[in-house]
Structure formats: structure tokens, C-alpha cells
Amino acid sequence: MAILTILRAAWGYLFLIFISRIVGRRPGKQLAPFEFVLIFYLGGLTLTGMVGQEFSLTNAVTQIMTVAGVHWLITKVRASSPRIARLIDGTPLTLLEGGQWRSLSMKAMKISPADVMAMARDRDIGTVDGVRSAALERNGEISIIKKQDNKQE
Amino acid sequence: MSSTEQFTEPATDNGPLVDDAVEVGEDLDFQRAWWRFEKIAWIVLSLVLIGDAAGLFGRGWLAKAEVTSPDQTLHVGYERIERAGTPSEMTLRIGSTAVHDGRVRLFVSESLLQQLGAQRIIPQPATSDVGPNGVTYTFPATGSPAIVGIELEPSFPGVHRIELSVPGAQPIEARIAVLP
Amino acid sequence: MPTLLHAIAGYFILLLTIRLLSRRPGSQMTVFEFVLVFLMGGIIIGSTMGNDRSVTNATCSVIMVALLHRSVSHARNRWPAVGRLIDGTPLLLYQKGAWRDEVMRQMKLAPEDVLAAARTKGLTGLAEIDYAVLERNGQISILSKEKEK
């Protein structure tokens with residue numbers, strides 16, 4: 001029943017992608033420490049189900065190769081089709097435009113103005129007025145575009 | 001120079017500009033559809049969890065089953081839905097009519113021993129008579145109901161028919177599904 | 001069912017433990033902290049799955065943890081009090097020429113940590129800093145002095 005070993009590995013990997021896609025993450029340049037722990041927790045639970053009671057080296061190698069293979073497949077598909085890339089990665093979202101917060105987007109992605117301002121402070125901007133536009137990138141980062149002073153002296 | 005033919009492509013912005021200046025590349029229609037999908041996905045996942053807690057996928061209340069043979073000789077408590085690689089226990093109560101000469105005999109079908117992975121039978125039977133469809137065990141018994149436990153640990157997913165009986169009396173037939 | 005309960009307990013135990021380990025100054029996690037994080041995440045897995053290592057159980061416990069995380073995120077966003085509890089609040093470390101000593105002491109930070117953060121921004125010293133803020137995720141943001149033209 002080696003096919004089962006492969007199927008379990010493929011399912012584990014794909015389901016994990018699906019879950020991480022719909023769980024979402026805290027906005028920020030890096031993963032917060034708790035998110036690291038969570039990743040390892042989820043990954044570990046998945047691998048326990050993948051491995052089951054089959055502790056042989058053969059099974060381990062089979063599953064590693066399966067995960068690598070599925071990952072390669074997904075990467076290839078994602079690179080060649082923008083529509084699939086959109087499904088897997090999502091799309092950037094505008095958060096602030098023309099002095100207005102995009103409240104629906106912010107609520108849906110559970111981002112508060114405080115999160116955006118934290119990012120702005122990182123870019124050396126003190127107040128909302130200094131932000132020209134803010135967007136939530138696909139990788140979870142909030143990108144800030146400063147308002148430029150247009151006066152040329 | 002055909003080697004540089006496809007090397008470059010004119011660089012254009014990815015879509016409408018935010019604030020007439022910033023190229024964000026947002027696809028709001030897709031995102032709205034995605035949010036709808038997410039809502040549905042979470043509802044489905046929550047239902048799966050409720051089903052799991054209730055035992056729909058084994059290891060819970062819905063999976064437990066009790067069957068008695070029509071002539072009351074045998075009563076079995078087992079789990080309709082099992083999980084691969086996970087131990088479980090099956091309890092059998094053998095009625096007084098089946099106890100003869102201080103001994104009780106029990107037929108266990110092959111499926112329980114092979115596919116469903118019977119690990120142990122408690123108590124240890126005195127004799128085991130191997131047959132074509134299963135094994136008939138003999139236990140010394142003092143009173144009734146005589147209680148026998150079978151520990152199971154199925155290896156692979158599948159659906160299996162099982163049969164348990166006291167030889168000569170009516171059998172209990174059931175189906176056990178093993179989830180991956 | 002036992003797995004689901006274990007998963008809930010596991011998630012909150014991890015959340016609490018991480019929260020109690022004080023916020024680290026600076027942006028990079030050291031190798032030791034990575035190890036610690038993996039260790040804690042890994043330990044809790046054994047107790048969550050128990051002796052049931054089936055795909056079914058793994059899938060359900062992953063769903064449970066994901067659902068929990070999402071619910072906590074939702075609560076954090078909806079009720080700022082929950083957000084403060086789980087994430088904390090940004091804290092001012094340096095304000096126009098004066099260090100906030102109490103905050104620095106409690107968060108076990110030294111002026112050097114703030115200066116290091118300033119250096120990564122290309123600023124040379126306190127003379128160029130207006131404010132330094134310890135963000136909720138542990139990073140120190142520096143607001144430089146406005147240059148007078």
C-alpha cells in the first residue's frame with residue numbers, strides 16, 4: 001500500500017497550503033514569534049498524520065519526495081498561470097487611498113489603522129497625513145508610500 | 001541578434017493606478033469572490049469539526065454501536081468507524097445459554113484478525129481452532145455473562161464485514177469502516 | 001474529541017507562554033529563539049495527537065488550531081481590550097531628548113538597543129532621533145528629526 005504513503009504526504013502538504021491561505025497572518029514585516037510556534041504546531045500535527053505508524057526510512061524518503069514533487073508542481077503552475085497564482089497567493093489590497101481608509105478591506109483582513117501606523121513609523125512617518133497610500137501586499141507586509149513634498153526649491 | 005530577442009519586454013504598470021500615482025496591482029473583484037469563498041470554507045471546516053467531536057469520523061459517540069444476536073447469545077459493543085493505526089476496543093458479552101461445561105466458544109471472523117488488526121484477546125483463550133473463515137476460540141468460563149475484549153488496531157483504510165458468533169447459535173454481522 | 005480539547009489547550013498554553021516571554025528588542029530572532037520556538041511547538045504536538053496518528057485526526061486537529069487562531073485574531077481586532085491583552089501596546093522609549101526610564105527598565109532595554117535600531121536606519125546617533133517606539137511585535141521604530149531647510 002505504498003500509494004497510501006504518497007497520498008497522505010500529498011494531502012498533508014496541500015491541506016496545509018489551504019489552511020495557511022485561509023487563516024491569514026498578522027500584518028508585519030516578519031512573522032511574530034507566536035506565528036512561528038503556530039507554524040511548527042500545524043506542521044507537526046500534519047506530519048504526525050502523514051507518517052502515522054510508518055517509521056521506516058523508505059516511507060520517510062517517499063514522503064519527502066512526494067512533498068518536494070507536489071511543491072515543484074505547484075510552483076511551476078503558479079509561475080505559468082496568473083489566475084492560479086492569484087488563487088494561491090492572493091492579490092495586493094489597497095488600504096489607504098486619497099486620505100480615506102478602505103474600511104471594508106481592512107475589516108476583512110483584520111487590520112486596524114494602528115497596524116498601518118506602526119508600519120508607517122518604521123518608514124519614519126509620524127502621522128496619517130504623511131502617508132500617501134498604504135497597501136497590504138500578498139506576503140502580508142503593509143507597504144507605505146510617503147507623501148512627497150512637491151515644492152522644488 | 002536572435003539571442004536577445006525575447007530577453008526584454010516593455011515595462012508597463014500592472015493595472016489601474018491608485019491615487020493616479022501608485023501601482024498596487026489590486027484585483028478587488030477577485031478578492032471579494034475570495035472572501036465569499038473563505039466564509040464558506042470556514043463554515044464547512046466548522047461542520048467538519050462538529051462532526052469530528054460527535055464521532056462522525058470515529059472516536060466518538062456517533063461511532064459507537066451495540067448489537068445483540070437475535071437469540072440473545074451474544075452482545076457486541078464496537079466502533080462502526082475506526083481510524084487506521086489507532087487502537088480501539090471491542091467488547092463482547094456472551095449469554096448464559098452459550099456456556100457449556102464451564103467453557104464458552106466464540107467464532108471470530110478472519111476480517112477482524114487480519115484487516116482490522118486484532119492485537120490481543122482478553123482473556124487469553126484456552127484453545128484456538130483455526131478455520132477457513134476465522135478462528136474459533138475456547139475460553140474457560142465460570143458464570144455469565146462472560147465478557148471478552150478484543151483490542152483492534154487496523155492498518156489500512158477500507159470497509160470490512162465482520163462476523164461474530166457462538167458456534168451453533170445465530171451470528172452477529174456488521175460492517176466496520178476504517179478511515180485513513 | 002479528546003484531540004480537539006487537547007488542541008485547544010495546546011494553542012492557549014503556547015499563546016500564554018510566548019506572551020510571557022518578554023518582547024525582544026531588535027528585529028532578528030536568534031538561533032536559540034528559533035530552537036525554543038520549535039521545541040515548544042513540537043512538544044505540544046505529542047499530547048495533542050495522542051495515540052491516534054491517523055490522517056483524519058491530523059486534519060481535524062489542524063482545522064481546530066486554525067479555527068482557534070482565526071477566532072483569536074477576530075477577537076483581537078474586534079475588541080481592543082483583547083488586542084492589548086494578547087499583543088500589548090506600542091511603547092514610547094525615547095521622546096525628544098529624554099529617555100522613558102520606567103519603560104526601558106521594565107522591557108529590559110538599554111539605550112544601546114535603540115541606537116542599534118537607529119543605525120540600521122542609517123542614523124548616526126541620538127542627535128538625529130526625535131522618537132523611538134517599541135512596537136508590539138518587538139521592533140523598535142525610529143522617527144528621525146525633521147531636517148530644517
# chains A, B, ... in the order shown; residues from 1 in each chain; ligands from 1
>>> residues_around(residues="Thr124 of chain C", least_positions_apart="4", cutoff="12 Å", atoms="only C-alpha atoms", output="ChimeraX atom specification")
/C:114-120,128-129,142,144-145
>>> residues_around(residues="Gly10 of chain C", least_positions_apart="6", cutoff="12 Å", atoms="only C-alpha atoms", output="PDB file with C-alpha atoms, in the first residue's frame")
ATOM      1  CA  VAL A  37       5.239  28.478  17.019  1.00  0.00           C
ATOM      2  CA  LEU A  38       1.893  28.117  15.309  1.00  0.00           C
ATOM      3  CA  TYR A  41       2.476  23.260  15.642  1.00  0.00           C
ATOM      4  CA  LEU A  42       0.432  22.943  12.456  1.00  0.00           C
ATOM      5  CA  LEU A  45       0.372  17.844  13.546  1.00  0.00           C
TER       6      LEU A  45
ATOM      7  CA  PRO C   2     -10.080  14.344  23.189  1.00  0.00           C
ATOM      8  CA  THR C   3      -7.744  15.546  20.482  1.00  0.00           C
ATOM      9  CA  LEU C   4      -9.831  18.663  19.885  1.00  0.00           C
ATOM     10  CA  LEU C  16       0.383  32.265  27.035  1.00  0.00           C
ATOM     11  CA  THR C  17       3.957  31.010  27.153  1.00  0.00           C
ATOM     12  CA  MET C  40       7.617  24.386  22.306  1.00  0.00           C
ATOM     13  CA  GLY C  41       5.580  23.827  19.189  1.00  0.00           C
ATOM     14  CA  GLY C  42       6.870  20.294  18.878  1.00  0.00           C
ATOM     15  CA  ILE C  43       6.328  19.259  22.461  1.00  0.00           C
ATOM     16  CA  ILE C  44       2.685  20.121  22.392  1.00  0.00           C
ATOM     17  CA  ILE C  45       2.093  18.003  19.289  1.00  0.00           C
ATOM     18  CA  GLY C  46       2.587  14.699  21.085  1.00  0.00           C
ATOM     19  CA  SER C  47      -0.024  15.485  23.666  1.00  0.00           C
ATOM     20  CA  THR C  48      -2.463  16.789  21.065  1.00  0.00           C
ATOM     21  CA  MET C  49      -2.445  13.783  18.772  1.00  0.00           C
ATOM     22  CA  SER C  61      -6.637  18.963  14.808  1.00  0.00           C
ATOM     23  CA  VAL C  62      -5.136  21.255  12.149  1.00  0.00           C
ATOM     24  CA  MET C  64      -9.171  23.137  15.179  1.00  0.00           C
ATOM     25  CA  VAL C  65      -5.948  25.075  15.670  1.00  0.00           C
ATOM     26  CA  LEU C  68      -8.830  28.946  17.107  1.00  0.00           C
ATOM     27  CA  HIS C  69      -6.175  31.202  15.646  1.00  0.00           C
TER      28      HIS C  69
END
>>> interface_residues(of="chain A", to="chain C", cutoff="10 Å", atoms="only C-alpha atoms", output="PyMOL selection string")
chain A and resi 8-9+11-12+15-16+19-20+22-53+107-112+114-115+118-126
>>> interface_residues(of="chain B", to="chain C", cutoff="6 Å", atoms="only C-alpha atoms", output="ChimeraX atom specification")
/B:53,84,86,180
>>> interface_residues(of="chain A", to="chain B", cutoff="9 Å", atoms="only C-alpha atoms", output="list of chain:residue names")
A:Met1, A:Leu4, A:Arg8, A:Ile22, A:Gly52, A:Gln53, A:Arg86, A:Leu87, A:Gly90, A:Thr91, A:Pro92, A:Leu93, A:Thr94, A:Glu97, A:Gly98, A:Ala108, A:Arg132, A:Ser133, A:Ala135, A:Glu137, A:Ile145
>>> write_last_selection(atoms="C-alpha atoms", output="PDB file, in the first residue's frame")
ATOM      1  CA  MET A   1       0.000   0.000   0.000  1.00  0.00           C
ATOM      2  CA  LEU A   4      -1.265   5.453   0.557  1.00  0.00           C
ATOM      3  CA  ARG A   8      -1.038  11.022   2.732  1.00  0.00           C
ATOM      4  CA  ILE A  22      -7.339  30.991   4.769  1.00  0.00           C
ATOM      5  CA  GLY A  52       1.232   7.551  11.036  1.00  0.00           C
ATOM      6  CA  GLN A  53       2.855   4.378  12.269  1.00  0.00           C
ATOM      7  CA  ARG A  86      -3.904  34.663  -7.738  1.00  0.00           C
ATOM      8  CA  LEU A  87      -5.638  31.723  -6.073  1.00  0.00           C
ATOM      9  CA  GLY A  90      -3.914  36.326  -3.346  1.00  0.00           C
ATOM     10  CA  THR A  91      -3.831  39.871  -4.615  1.00  0.00           C
ATOM     11  CA  PRO A  92      -2.465  43.089  -3.121  1.00  0.00           C
ATOM     12  CA  LEU A  93      -5.106  45.197  -1.398  1.00  0.00           C
ATOM     13  CA  THR A  94      -5.239  48.952  -1.102  1.00  0.00           C
ATOM     14  CA  GLU A  97      -6.105  55.931  -0.738  1.00  0.00           C
ATOM     15  CA  GLY A  98      -6.699  59.641  -1.142  1.00  0.00           C
ATOM     16  CA  ALA A 108     -11.997  41.766   6.188  1.00  0.00           C
ATOM     17  CA  ARG A 132       0.134  58.848   0.598  1.00  0.00           C
ATOM     18  CA  SER A 133      -1.107  55.315   0.162  1.00  0.00           C
ATOM     19  CA  ALA A 135      -1.338  48.587   0.618  1.00  0.00           C
ATOM     20  CA  GLU A 137       0.940  43.021  -0.085  1.00  0.00           C
ATOM     21  CA  ILE A 145       4.176  55.258   0.123  1.00  0.00           C
TER      22      ILE A 145
END
>>> residues_around(residues="segment 131-139 of chain B", least_positions_apart="6", cutoff="6 Å", atoms="only C-alpha atoms", output="list of chain:residue names")
B:Arg103, B:Val104, B:Arg105, B:Leu106, B:Phe107, B:Val108, B:Ser109, B:Glu110, B:Pro125
>>> select_by_dssp(residues="chain C", states="helix (DSSP H, G or I)", output="MDAnalysis selection string")
chainID C and resid 2:20 31:49 55:78 80:87 101:106 111:120 126:128
>>> select_by_dssp(residues="segment 80-151 of chain A", states="strand (DSSP E)", output="list of chain:residue names")
A:Leu93, A:Thr94, A:Leu95, A:Leu96, A:Glu97, A:Gln100, A:Trp101, A:Val131, A:Arg132, A:Ser133, A:Ala134, A:Ala135, A:Leu136, A:Ile142, A:Ser143, A:Ile144, A:Ile145, A:Lys146
>>> residues_around(residues="Val70 of chain A", least_positions_apart="3", cutoff="9 Å", atoms="only C-alpha atoms", output="list in words")
Ala10, Tyr13, Leu14, Met65, Thr66, Val67, Leu73, Ile74 and Thr75 of chain A
>>> atom_distance(atom1="atom CA of Glu66 of chain B", atom2="atom CA of Gln114 of chain B")
22.0 Å
>>> atom_distance(atom1="atom CA of Arg83 of chain B", atom2="atom CA of Ala60 of chain A")
21.0 Å
>>> atom_distance(atom1="atom CA of His75 of chain B", atom2="atom CA of Ile94 of chain B")
6.4 Å
>>> closest_residue(among="B:Ala169, B:Leu152, B:Ile81, B:Val159", to="Arg59 of chain B", atoms="only C-alpha atoms")
B:Ile81
